[in-house]
$ cat final_24.txt   # compact mmCIF, C-alpha atoms and all ligand atoms
# COMPACT_ATOMS: atom_id res chain seq x y z
CA MET A 1 -1.63 -34.57 -13.26
CA LYS A 2 0.40 -33.83 -10.16
CA LYS A 3 -1.00 -30.67 -8.60
CA ARG A 4 0.87 -29.98 -5.38
CA LEU A 5 4.06 -28.49 -6.68
CA LEU A 6 7.15 -26.41 -6.17
CA PHE A 7 9.15 -24.62 -8.83
CA VAL A 8 12.91 -24.39 -8.46
CA GLY A 9 15.19 -22.65 -10.92
CA PRO A 10 17.49 -19.66 -11.28
CA PRO A 11 16.07 -16.14 -11.37
CA GLY A 12 14.98 -15.49 -14.96
CA ALA A 13 14.12 -19.13 -15.69
CA GLY A 14 10.48 -18.13 -16.22
CA LYS A 15 9.10 -19.58 -12.98
CA GLY A 16 6.56 -16.79 -12.51
CA THR A 17 5.32 -16.90 -16.10
CA GLN A 18 5.03 -20.67 -16.21
CA ALA A 19 3.48 -20.88 -12.75
CA ALA A 20 0.77 -18.38 -13.66
CA ARG A 21 -0.09 -20.25 -16.88
CA LEU A 22 -0.14 -23.66 -15.26
CA CYS A 23 -2.29 -22.48 -12.38
CA GLU A 24 -4.76 -20.78 -14.67
CA GLN A 25 -5.02 -23.82 -16.94
CA HIS A 26 -5.46 -26.32 -14.13
CA GLY A 27 -7.26 -24.36 -11.43
CA MET A 28 -4.39 -24.44 -8.98
CA LYS A 29 -3.50 -21.76 -6.48
CA HIS A 30 -0.34 -19.79 -7.34
CA LEU A 31 1.68 -18.69 -4.36
CA SER A 32 4.71 -16.55 -5.19
CA THR A 33 6.69 -15.28 -2.21
CA GLY A 34 8.37 -12.70 -4.50
CA ASP A 35 4.95 -11.32 -5.52
CA LEU A 36 3.72 -11.34 -1.91
CA LEU A 37 6.87 -9.49 -0.80
CA ARG A 38 6.56 -6.94 -3.62
CA ALA A 39 2.95 -6.34 -2.56
CA GLU A 40 4.12 -5.67 1.02
CA VAL A 41 6.75 -3.24 -0.30
CA ALA A 42 4.16 -1.46 -2.46
CA ALA A 43 1.77 -1.21 0.50
CA GLY A 44 4.54 0.27 2.66
CA SER A 45 3.88 -2.19 5.49
CA GLU A 46 6.42 -2.80 8.26
CA LEU A 47 7.19 -6.15 6.70
CA GLY A 48 7.64 -4.49 3.31
CA LYS A 49 10.00 -1.88 4.75
CA GLU A 50 12.08 -4.62 6.30
CA ALA A 51 12.24 -6.59 3.04
CA GLU A 52 12.77 -3.80 0.50
CA ALA A 53 16.48 -3.03 0.92
CA VAL A 54 17.36 -6.72 1.08
CA MET A 55 15.39 -7.44 -2.11
CA ASN A 56 16.99 -4.53 -3.94
CA ARG A 57 20.41 -5.94 -3.12
CA GLY A 58 19.37 -9.29 -4.58
CA GLU A 59 19.73 -11.10 -1.27
CA LEU A 60 17.27 -13.39 0.46
CA VAL A 61 14.99 -11.91 3.10
CA SER A 62 15.09 -13.74 6.42
CA ASP A 63 13.60 -17.21 6.71
CA ALA A 64 11.46 -16.01 9.63
CA LEU A 65 9.89 -13.24 7.57
CA VAL A 66 9.19 -15.48 4.56
CA LEU A 67 7.85 -18.28 6.74
CA ALA A 68 5.48 -15.85 8.44
CA ILE A 69 4.12 -14.89 5.01
CA VAL A 70 3.82 -18.49 3.86
CA LYS A 71 2.12 -19.64 7.05
CA GLY A 72 -0.43 -16.87 6.61
CA GLN A 73 -1.26 -18.27 3.17
CA LEU A 74 -1.48 -21.99 3.94
CA GLY A 75 -5.12 -21.76 5.00
CA GLU A 76 -5.93 -20.33 1.56
CA LEU A 77 -4.47 -23.19 -0.43
CA GLY A 78 -7.78 -24.98 -0.96
CA ASP A 79 -7.97 -28.51 -2.36
CA GLY A 80 -7.58 -27.84 -6.09
CA GLY A 81 -3.80 -28.05 -5.99
CA TRP A 82 -1.17 -25.37 -5.59
CA LEU A 83 2.15 -24.23 -6.87
CA LEU A 84 4.73 -22.59 -4.64
CA ASP A 85 6.91 -20.29 -6.73
CA GLY A 86 10.11 -18.87 -5.24
CA PHE A 87 9.71 -20.74 -1.97
CA PRO A 88 11.54 -22.57 -0.48
CA ARG A 89 14.71 -20.74 -1.41
CA ASN A 90 17.09 -22.70 0.81
CA VAL A 91 17.25 -26.04 2.62
CA ALA A 92 16.16 -24.53 5.97
CA GLN A 93 12.94 -23.23 4.36
CA ALA A 94 12.34 -26.63 2.76
CA GLU A 95 12.72 -28.32 6.12
CA ALA A 96 10.34 -25.84 7.72
CA LEU A 97 7.79 -26.35 4.95
CA LYS A 98 7.55 -30.12 5.11
CA PRO A 99 5.82 -30.45 8.52
CA LEU A 100 3.48 -27.55 7.65
CA LEU A 101 2.27 -29.47 4.60
CA THR A 102 1.99 -32.69 6.56
CA GLU A 103 -0.09 -30.85 9.14
CA ILE A 104 -2.63 -29.73 6.52
CA GLY A 105 -2.65 -33.20 4.95
CA GLN A 106 -1.32 -31.91 1.62
CA PRO A 107 2.16 -33.30 1.01
CA LEU A 108 4.20 -32.18 -1.94
CA GLU A 109 3.86 -34.31 -5.10
CA ALA A 110 6.64 -32.94 -7.30
CA VAL A 111 9.39 -30.34 -7.57
CA VAL A 112 9.82 -28.94 -11.06
CA LEU A 113 13.36 -27.79 -11.85
CA LEU A 114 13.51 -25.29 -14.71
CA GLU A 115 16.90 -25.61 -16.39
CA LEU A 116 18.61 -23.18 -18.77
CA ASP A 117 21.91 -21.56 -19.80
CA ASP A 118 23.38 -18.54 -17.98
CA ALA A 119 23.56 -16.40 -21.14
CA VAL A 120 19.83 -16.88 -21.77
CA LEU A 121 19.10 -16.06 -18.13
CA MET A 122 20.97 -12.76 -18.15
CA GLU A 123 19.24 -11.72 -21.38
CA ARG A 124 15.79 -12.55 -20.02
CA MET A 125 16.36 -10.69 -16.77
CA LEU A 126 17.80 -7.57 -18.38
CA SER A 127 14.74 -7.34 -20.63
CA ARG A 128 12.36 -7.51 -17.65
CA GLY A 129 13.20 -4.10 -16.16
CA ARG A 130 12.33 -4.79 -12.53
CA ASP A 131 13.86 -2.66 -9.70
CA ASP A 132 16.14 -5.54 -8.72
CA ASP A 133 17.11 -6.35 -12.32
CA ASN A 134 20.25 -4.29 -13.06
CA GLU A 135 23.30 -6.25 -14.15
CA ASP A 136 25.23 -6.27 -10.84
CA VAL A 137 22.17 -7.22 -8.83
CA ILE A 138 21.33 -9.96 -11.32
CA ARG A 139 24.83 -11.37 -11.03
CA HIS A 140 24.47 -11.34 -7.27
CA ARG A 141 21.06 -13.04 -7.43
CA LEU A 142 22.60 -15.79 -9.55
CA GLU A 143 25.34 -16.26 -6.94
CA VAL A 144 22.75 -16.43 -4.18
CA TYR A 145 20.84 -18.99 -6.24
CA ARG A 146 23.93 -21.17 -6.63
CA ASP A 147 24.94 -20.93 -2.97
CA LYS A 148 21.61 -21.13 -1.21
CA THR A 149 18.91 -22.41 -3.53
CA ALA A 150 20.63 -24.91 -5.83
CA PRO A 151 21.27 -27.33 -2.91
CA LEU A 152 17.49 -27.90 -2.99
CA ILE A 153 17.99 -29.84 -6.22
CA GLU A 154 19.90 -32.61 -4.41
CA HIS A 155 17.59 -32.31 -1.41
CA TYR A 156 14.48 -33.06 -3.47
CA ARG A 157 16.20 -35.53 -5.78
CA ASN A 158 16.98 -37.58 -2.68
CA GLN A 159 13.29 -37.53 -1.82
CA ASP A 160 12.41 -38.71 -5.35
CA LEU A 161 10.39 -35.57 -5.99
CA LEU A 162 12.56 -33.82 -8.58
CA ILE A 163 11.47 -33.46 -12.22
CA ALA A 164 13.87 -31.51 -14.45
CA VAL A 165 12.41 -29.66 -17.43
CA ASP A 166 14.27 -27.84 -20.23
CA ALA A 167 13.22 -24.19 -19.81
CA GLN A 168 14.55 -22.92 -23.16
CA GLY A 169 12.41 -22.20 -26.20
CA SER A 170 8.97 -20.62 -26.51
CA ILE A 171 6.68 -20.03 -23.54
CA ASP A 172 4.11 -22.43 -25.03
CA ALA A 173 6.66 -25.17 -25.63
CA ILE A 174 7.91 -24.94 -22.05
CA THR A 175 4.39 -25.06 -20.61
CA ALA A 176 3.66 -28.17 -22.69
CA ARG A 177 6.87 -29.82 -21.48
CA ILE A 178 5.99 -29.13 -17.84
CA GLU A 179 2.45 -30.51 -18.26
CA GLU A 180 3.81 -33.64 -19.89
CA ALA A 181 6.34 -34.16 -17.11
CA LEU A 182 3.63 -33.81 -14.46
CA THR A 183 1.25 -36.17 -16.21
CA GLY A 184 3.65 -39.00 -16.97
CA GLY A 185 4.94 -41.41 -14.35
P1 LIG B 1 11.43 -13.59 -6.91
O1 LIG B 1 10.27 -12.82 -7.44
O2 LIG B 1 11.05 -14.99 -6.52
O3 LIG B 1 12.63 -13.54 -7.82
O4 LIG B 1 11.88 -12.88 -5.55
C1 LIG B 1 12.35 -11.54 -5.54
C2 LIG B 1 13.12 -11.29 -4.25
O5 LIG B 1 12.26 -11.51 -3.12
C3 LIG B 1 14.30 -12.22 -4.02
O6 LIG B 1 15.46 -11.77 -4.67
C4 LIG B 1 14.42 -12.19 -2.50
O7 LIG B 1 15.03 -10.99 -2.07
C5 LIG B 1 12.98 -12.15 -2.07
N1 LIG B 1 12.41 -13.52 -1.87
C6 LIG B 1 11.41 -14.12 -2.58
N2 LIG B 1 11.13 -15.34 -2.12
C7 LIG B 1 11.98 -15.54 -1.08
C8 LIG B 1 12.21 -16.63 -0.19
N3 LIG B 1 11.50 -17.77 -0.27
N4 LIG B 1 13.17 -16.47 0.76
C9 LIG B 1 13.89 -15.33 0.85
N5 LIG B 1 13.74 -14.29 0.04
C10 LIG B 1 12.80 -14.36 -0.92

$ encode --input "final_24.txt" --output "structure tokens"
Amino acid sequence: MKKRLLFVGPPGAGKGTQAARLCEQHGMKHLSTGDLLRAEVAAGSELGKEAEAVMNRGELVSDALVLAIVKGQLGELGDGGWLLDGFPRNVAQAEALKPLLTEIGQPLEAVVLLELDDAVLMERMLSRGRDDDNEDVIRHRLEVYRDKTAPLIEHYRNQDLLIAVDAQGSIDAITARIEEALTGG
């Protein structure tokens, strides 16, 4: 199975849930920039203070800040595989990531795109109850996804790394679909 992975998909697609399951099942390291940022906010660090307002508006924190966090984690990736969840979030981050992975001799093997309908997305996010999950903020996060993050789909398709998976249905069914997609081919 391919084990050096990125997840791309709209907010609410279930990236965090699926990433955690996959990593637990297959002994990979789960690196979520959203979780790392929320931990900084909770700890009240300088970095967290800088990120909090931006996150609550549903916008992206600066590339510099996110890259600093990611760079700090690269040494912890180990050799059992890893899954980057929520990073990169735009083409500039993807371009910054590539040489970092080359440098540690661990190039990306696949980018999993989680696909689903907008109506299902909104429903999933409203039921989650996070600070940045009220309806206006969600709408804004979807816009940010379309503008900034969705161009990654073409970016990685051009590099022959993209694997699209239907992210609707039960959590178990989606996990099984992802595993199958990463095992085949
Ligand atoms: P997530 O948990 O991935 O939905 O991320 C929650 C929030 O953290 C996002 O709405 C952004 O404000 C911020 N964030 C997470 N990852 C990134 C990233 N790679 N680049 C910029 N902002 C990010």

$ residues_near_ligand --input "final_24.txt" --ligand "ligand LIG 1 (chain B)" --cutoff "8 Å" --atoms "only C-alpha atoms and all ligand atoms" --output "JSON, numbers by chain"
{"A": [11, 12, 16, 32, 33, 34, 35, 37, 38, 51, 52, 54, 55, 56, 57, 58, 59, 60, 61, 62, 63, 66, 67, 85, 86, 87, 88, 89, 90, 93, 132, 141]}

$ axis_aligned_box --input "final_24.txt" --around "segment 160-172 of chain A" --padding-each-side "4 Å" --output "AutoDock Vina command-line options"
--center_x 9.3 --center_y -29.4 --center_z -15.9 --size_x 18.4 --size_y 26.7 --size_z 29.2

$ closest_residue --input "final_24.txt" --among "A:Ala92, A:Val112, A:Ala119, A:Leu126" --to "Ala181 of chain A" --atoms "all atoms listed in the file"
A:Val112

$ atom_distance --input "final_24.txt" --atom1 "atom CA of Leu84 of chain A" --atom2 "atom CA of Lys29 of chain A"
8.5 Å

$ residues_around --input "final_24.txt" --residues "Ala13 of chain A" --least-positions-apart "4" --cutoff "12 Å" --atoms "only C-alpha atoms" --output "PyMOL selection string"
chain A and resi 7-9+17-19+85-86+112-125+128+142+145+165-169+171+174

$ atom_distance --input "final_24.txt" --atom1 "atom CA of Val111 of chain A" --atom2 "atom CA of Asp131 of chain A"
28.1 Å

$ residues_around --input "final_24.txt" --residues "Glu180 of chain A" --least-positions-apart "3" --cutoff "12 Å" --atoms "all atoms listed in the file" --output "MDAnalysis selection string"
chainID A and resid 1:2 22 112 163:166 173:177 183:185

$ write_last_selection --input "final_24.txt" --atoms "C-alpha atoms" --output "compact mmCIF listing (two decimals), in the coordinates of the input"
# COMPACT_ATOMS: atom_id res chain seq x y z
CA MET A 1 -1.63 -34.57 -13.26
CA LYS A 2 0.40 -33.83 -10.16
CA LEU A 22 -0.14 -23.66 -15.26
CA VAL A 112 9.82 -28.94 -11.06
CA ILE A 163 11.47 -33.46 -12.22
CA ALA A 164 13.87 -31.51 -14.45
CA VAL A 165 12.41 -29.66 -17.43
CA ASP A 166 14.27 -27.84 -20.23
CA ALA A 173 6.66 -25.17 -25.63
CA ILE A 174 7.91 -24.94 -22.05
CA THR A 175 4.39 -25.06 -20.61
CA ALA A 176 3.66 -28.17 -22.69
CA ARG A 177 6.87 -29.82 -21.48
CA THR A 183 1.25 -36.17 -16.21
CA GLY A 184 3.65 -39.00 -16.97
CA GLY A 185 4.94 -41.41 -14.35

$ atom_distance --input "final_24.txt" --atom1 "atom CA of Glu154 of chain A" --atom2 "atom CA of Cys23 of chain A"
25.7 Å

$ closest_residue --input "final_24.txt" --among "A:Gly48, A:Gly14, A:Gly81, A:Gly72" --to "His30 of chain A" --atoms "all atoms listed in the file"
A:Gly81

$ closest_residue --input "final_24.txt" --among "A:Ile178, A:Ala53, A:Leu77, A:Leu47" --to "Leu65 of chain A" --atoms "all atoms listed in the file"
A:Leu47

$ closest_residue --input "final_24.txt" --among "A:Met28, A:Trp82, A:Ala20, A:Ile69" --to "Glu40 of chain A" --atoms "all atoms listed in the file"
A:Ile69

$ closest_residue --input "final_24.txt" --among "A:Ile138, A:Leu83, A:Val91, A:Leu101" --to "Pro151 of chain A" --atoms "all atoms listed in the file"
A:Val91

$ closest_residue --input "final_24.txt" --among "A:Lys3, A:Arg130, A:Lys15, A:His155" --to "Leu108 of chain A" --atoms "only C-alpha atoms"
A:Lys3

$ residues_around --input "final_24.txt" --residues "Ala110 of chain A" --least-positions-apart "5" --cutoff "8 Å" --atoms "all atoms listed in the file" --output "ChimeraX atom specification"
/A:2,4-6,161-163,182

$ decode --input "final_24.txt" --residues "segment 47-95 of chain A" --atoms "N, CA and C atoms" --output "mmCIF file, in the first residue's frame"
data_model
loop_
_atom_site.group_PDB
_atom_site.id
_atom_site.type_symbol
_atom_site.label_atom_id
_atom_site.label_comp_id
_atom_site.auth_asym_id
_atom_site.auth_seq_id
_atom_site.Cartn_x
_atom_site.Cartn_y
_atom_site.Cartn_z
ATOM 1 N N LEU A 47 2.354 31.927 18.442
ATOM 2 C CA LEU A 47 1.906 31.408 17.161
ATOM 3 C C LEU A 47 0.382 31.187 17.170
ATOM 4 N N GLY A 48 -0.111 30.650 18.274
ATOM 5 C CA GLY A 48 -1.543 30.404 18.408
ATOM 6 C C GLY A 48 -2.334 31.699 18.391
ATOM 7 N N LYS A 49 -1.787 32.720 19.077
ATOM 8 C CA LYS A 49 -2.484 34.015 19.110
ATOM 9 C C LYS A 49 -2.569 34.610 17.714
ATOM 10 N N GLU A 50 -1.492 34.437 16.967
ATOM 11 C CA GLU A 50 -1.465 34.965 15.601
ATOM 12 C C GLU A 50 -2.474 34.228 14.721
ATOM 13 N N ALA A 51 -2.633 32.936 14.949
ATOM 14 C CA ALA A 51 -3.480 32.117 14.063
ATOM 15 C C ALA A 51 -4.970 32.200 14.403
ATOM 16 N N GLU A 52 -5.291 32.450 15.681
ATOM 17 C CA GLU A 52 -6.664 32.234 16.151
ATOM 18 C C GLU A 52 -7.723 33.028 15.378
ATOM 19 N N ALA A 53 -7.502 34.343 15.260
ATOM 20 C CA ALA A 53 -8.518 35.183 14.614
ATOM 21 C C ALA A 53 -8.706 34.769 13.153
ATOM 22 N N VAL A 54 -7.601 34.470 12.501
ATOM 23 C CA VAL A 54 -7.657 34.063 11.093
ATOM 24 C C VAL A 54 -8.461 32.767 10.960
ATOM 25 N N MET A 55 -8.185 31.815 11.841
ATOM 26 C CA MET A 55 -8.906 30.531 11.793
ATOM 27 C C MET A 55 -10.394 30.737 12.054
ATOM 28 N N ASN A 56 -10.716 31.594 13.009
ATOM 29 C CA ASN A 56 -12.131 31.804 13.331
ATOM 30 C C ASN A 56 -12.887 32.507 12.212
ATOM 31 N N ARG A 57 -12.165 33.190 11.351
ATOM 32 C CA ARG A 57 -12.815 33.780 10.169
ATOM 33 C C ARG A 57 -12.917 32.780 9.026
ATOM 34 N N GLY A 58 -12.287 31.629 9.167
ATOM 35 C CA GLY A 58 -12.335 30.625 8.103
ATOM 36 C C GLY A 58 -11.340 30.892 6.996
ATOM 37 N N GLU A 59 -10.350 31.742 7.283
ATOM 38 C CA GLU A 59 -9.328 32.009 6.265
ATOM 39 C C GLU A 59 -8.085 31.170 6.526
ATOM 40 N N LEU A 60 -7.171 31.204 5.567
ATOM 41 C CA LEU A 60 -5.937 30.437 5.735
ATOM 42 C C LEU A 60 -4.926 31.263 6.515
ATOM 43 N N VAL A 61 -4.240 30.641 7.464
ATOM 44 C CA VAL A 61 -3.142 31.335 8.136
ATOM 45 C C VAL A 61 -1.987 31.428 7.139
ATOM 46 N N SER A 62 -1.012 32.269 7.438
ATOM 47 C CA SER A 62 0.015 32.552 6.425
ATOM 48 C C SER A 62 0.836 31.307 6.101
ATOM 49 N N ASP A 63 1.313 31.262 4.868
ATOM 50 C CA ASP A 63 2.150 30.135 4.443
ATOM 51 C C ASP A 63 3.379 30.027 5.336
ATOM 52 N N ALA A 64 3.952 31.167 5.700
ATOM 53 C CA ALA A 64 5.175 31.155 6.513
ATOM 54 C C ALA A 64 4.926 30.465 7.849
ATOM 55 N N LEU A 65 3.797 30.806 8.464
ATOM 56 C CA LEU A 65 3.480 30.233 9.775
ATOM 57 C C LEU A 65 3.258 28.709 9.666
ATOM 58 N N VAL A 66 2.477 28.304 8.661
ATOM 59 C CA VAL A 66 2.195 26.875 8.496
ATOM 60 C C VAL A 66 3.469 26.109 8.132
ATOM 61 N N LEU A 67 4.284 26.710 7.277
ATOM 62 C CA LEU A 67 5.524 26.026 6.879
ATOM 63 C C LEU A 67 6.469 25.861 8.067
ATOM 64 N N ALA A 68 6.478 26.855 8.947
ATOM 65 C CA ALA A 68 7.316 26.747 10.152
ATOM 66 C C ALA A 68 6.857 25.546 10.974
ATOM 67 N N ILE A 69 5.557 25.391 11.118
ATOM 68 C CA ILE A 69 5.013 24.256 11.879
ATOM 69 C C ILE A 69 5.370 22.932 11.203
ATOM 70 N N VAL A 70 5.166 22.882 9.897
ATOM 71 C CA VAL A 70 5.426 21.633 9.169
ATOM 72 C C VAL A 70 6.909 21.266 9.231
ATOM 73 N N LYS A 71 7.763 22.252 9.016
ATOM 74 C CA LYS A 71 9.206 21.970 9.058
ATOM 75 C C LYS A 71 9.602 21.403 10.398
ATOM 76 N N GLY A 72 9.003 21.914 11.456
ATOM 77 C CA GLY A 72 9.295 21.430 12.805
ATOM 78 C C GLY A 72 8.892 19.976 13.003
ATOM 79 N N GLN A 73 7.982 19.489 12.152
ATOM 80 C CA GLN A 73 7.470 18.121 12.307
ATOM 81 C C GLN A 73 8.152 17.110 11.382
ATOM 82 N N LEU A 74 8.869 17.596 10.376
ATOM 83 C CA LEU A 74 9.402 16.676 9.362
ATOM 84 C C LEU A 74 10.358 15.648 9.951
ATOM 85 N N GLY A 75 11.121 16.071 10.949
ATOM 86 C CA GLY A 75 12.061 15.160 11.601
ATOM 87 C C GLY A 75 11.357 14.032 12.351
ATOM 88 N N GLU A 76 10.075 14.214 12.623
ATOM 89 C CA GLU A 76 9.311 13.225 13.397
ATOM 90 C C GLU A 76 8.562 12.245 12.489
ATOM 91 N N LEU A 77 8.748 12.353 11.196
ATOM 92 C CA LEU A 77 7.904 11.546 10.310
ATOM 93 C C LEU A 77 8.215 10.057 10.367
ATOM 94 N N GLY A 78 9.448 9.700 10.697
ATOM 95 C CA GLY A 78 9.804 8.281 10.788
ATOM 96 C C GLY A 78 9.797 7.625 9.418
ATOM 97 N N ASP A 79 9.900 6.281 9.393
ATOM 98 C CA ASP A 79 9.940 5.622 8.086
ATOM 99 C C ASP A 79 8.786 4.639 7.902
ATOM 100 N N GLY A 80 7.733 4.789 8.712
ATOM 101 C CA GLY A 80 6.576 3.897 8.584
ATOM 102 C C GLY A 80 5.468 4.480 7.726
ATOM 103 N N GLY A 81 5.771 5.565 7.028
ATOM 104 C CA GLY A 81 4.748 6.224 6.227
ATOM 105 C C GLY A 81 4.109 7.372 6.995
ATOM 106 N N TRP A 82 3.462 8.234 6.261
ATOM 107 C CA TRP A 82 2.821 9.408 6.882
ATOM 108 C C TRP A 82 1.691 9.914 6.008
ATOM 109 N N LEU A 83 0.835 10.672 6.655
ATOM 110 C CA LEU A 83 -0.299 11.253 5.958
ATOM 111 C C LEU A 83 -0.425 12.722 6.374
ATOM 112 N N LEU A 84 -0.264 13.604 5.426
ATOM 113 C CA LEU A 84 -0.419 15.033 5.700
ATOM 114 C C LEU A 84 -1.877 15.396 5.436
ATOM 115 N N ASP A 85 -2.512 15.964 6.455
ATOM 116 C CA ASP A 85 -3.953 16.212 6.412
ATOM 117 C C ASP A 85 -4.175 17.718 6.600
ATOM 118 N N GLY A 86 -4.670 18.371 5.570
ATOM 119 C CA GLY A 86 -4.910 19.815 5.660
ATOM 120 C C GLY A 86 -3.720 20.656 5.220
ATOM 121 N N PHE A 87 -2.712 20.008 4.732
ATOM 122 C CA PHE A 87 -1.520 20.681 4.211
ATOM 123 C C PHE A 87 -0.993 19.851 3.044
ATOM 124 N N PRO A 88 -0.592 20.446 1.946
ATOM 125 C CA PRO A 88 -0.704 21.862 1.595
ATOM 126 C C PRO A 88 -2.145 22.290 1.331
ATOM 127 N N ARG A 89 -2.371 23.588 1.480
ATOM 128 C CA ARG A 89 -3.693 24.158 1.300
ATOM 129 C C ARG A 89 -3.733 25.082 0.085
ATOM 130 N N ASN A 90 -2.599 25.276 -0.541
ATOM 131 C CA ASN A 90 -2.554 26.078 -1.775
ATOM 132 C C ASN A 90 -1.313 25.639 -2.562
ATOM 133 N N VAL A 91 -1.211 26.142 -3.795
ATOM 134 C CA VAL A 91 -0.128 25.682 -4.670
ATOM 135 C C VAL A 91 1.238 26.125 -4.127
ATOM 136 N N ALA A 92 1.306 27.313 -3.527
ATOM 137 C CA ALA A 92 2.590 27.782 -2.974
ATOM 138 C C ALA A 92 3.089 26.826 -1.882
ATOM 139 N N GLN A 93 2.189 26.360 -1.023
ATOM 140 C CA GLN A 93 2.589 25.400 0.022
ATOM 141 C C GLN A 93 3.050 24.083 -0.600
ATOM 142 N N ALA A 94 2.351 23.656 -1.662
ATOM 143 C CA ALA A 94 2.739 22.407 -2.331
ATOM 144 C C ALA A 94 4.139 22.535 -2.914
ATOM 145 N N GLU A 95 4.419 23.701 -3.497
ATOM 146 C CA GLU A 95 5.740 23.894 -4.088
ATOM 147 C C GLU A 95 6.826 23.995 -3.031
#
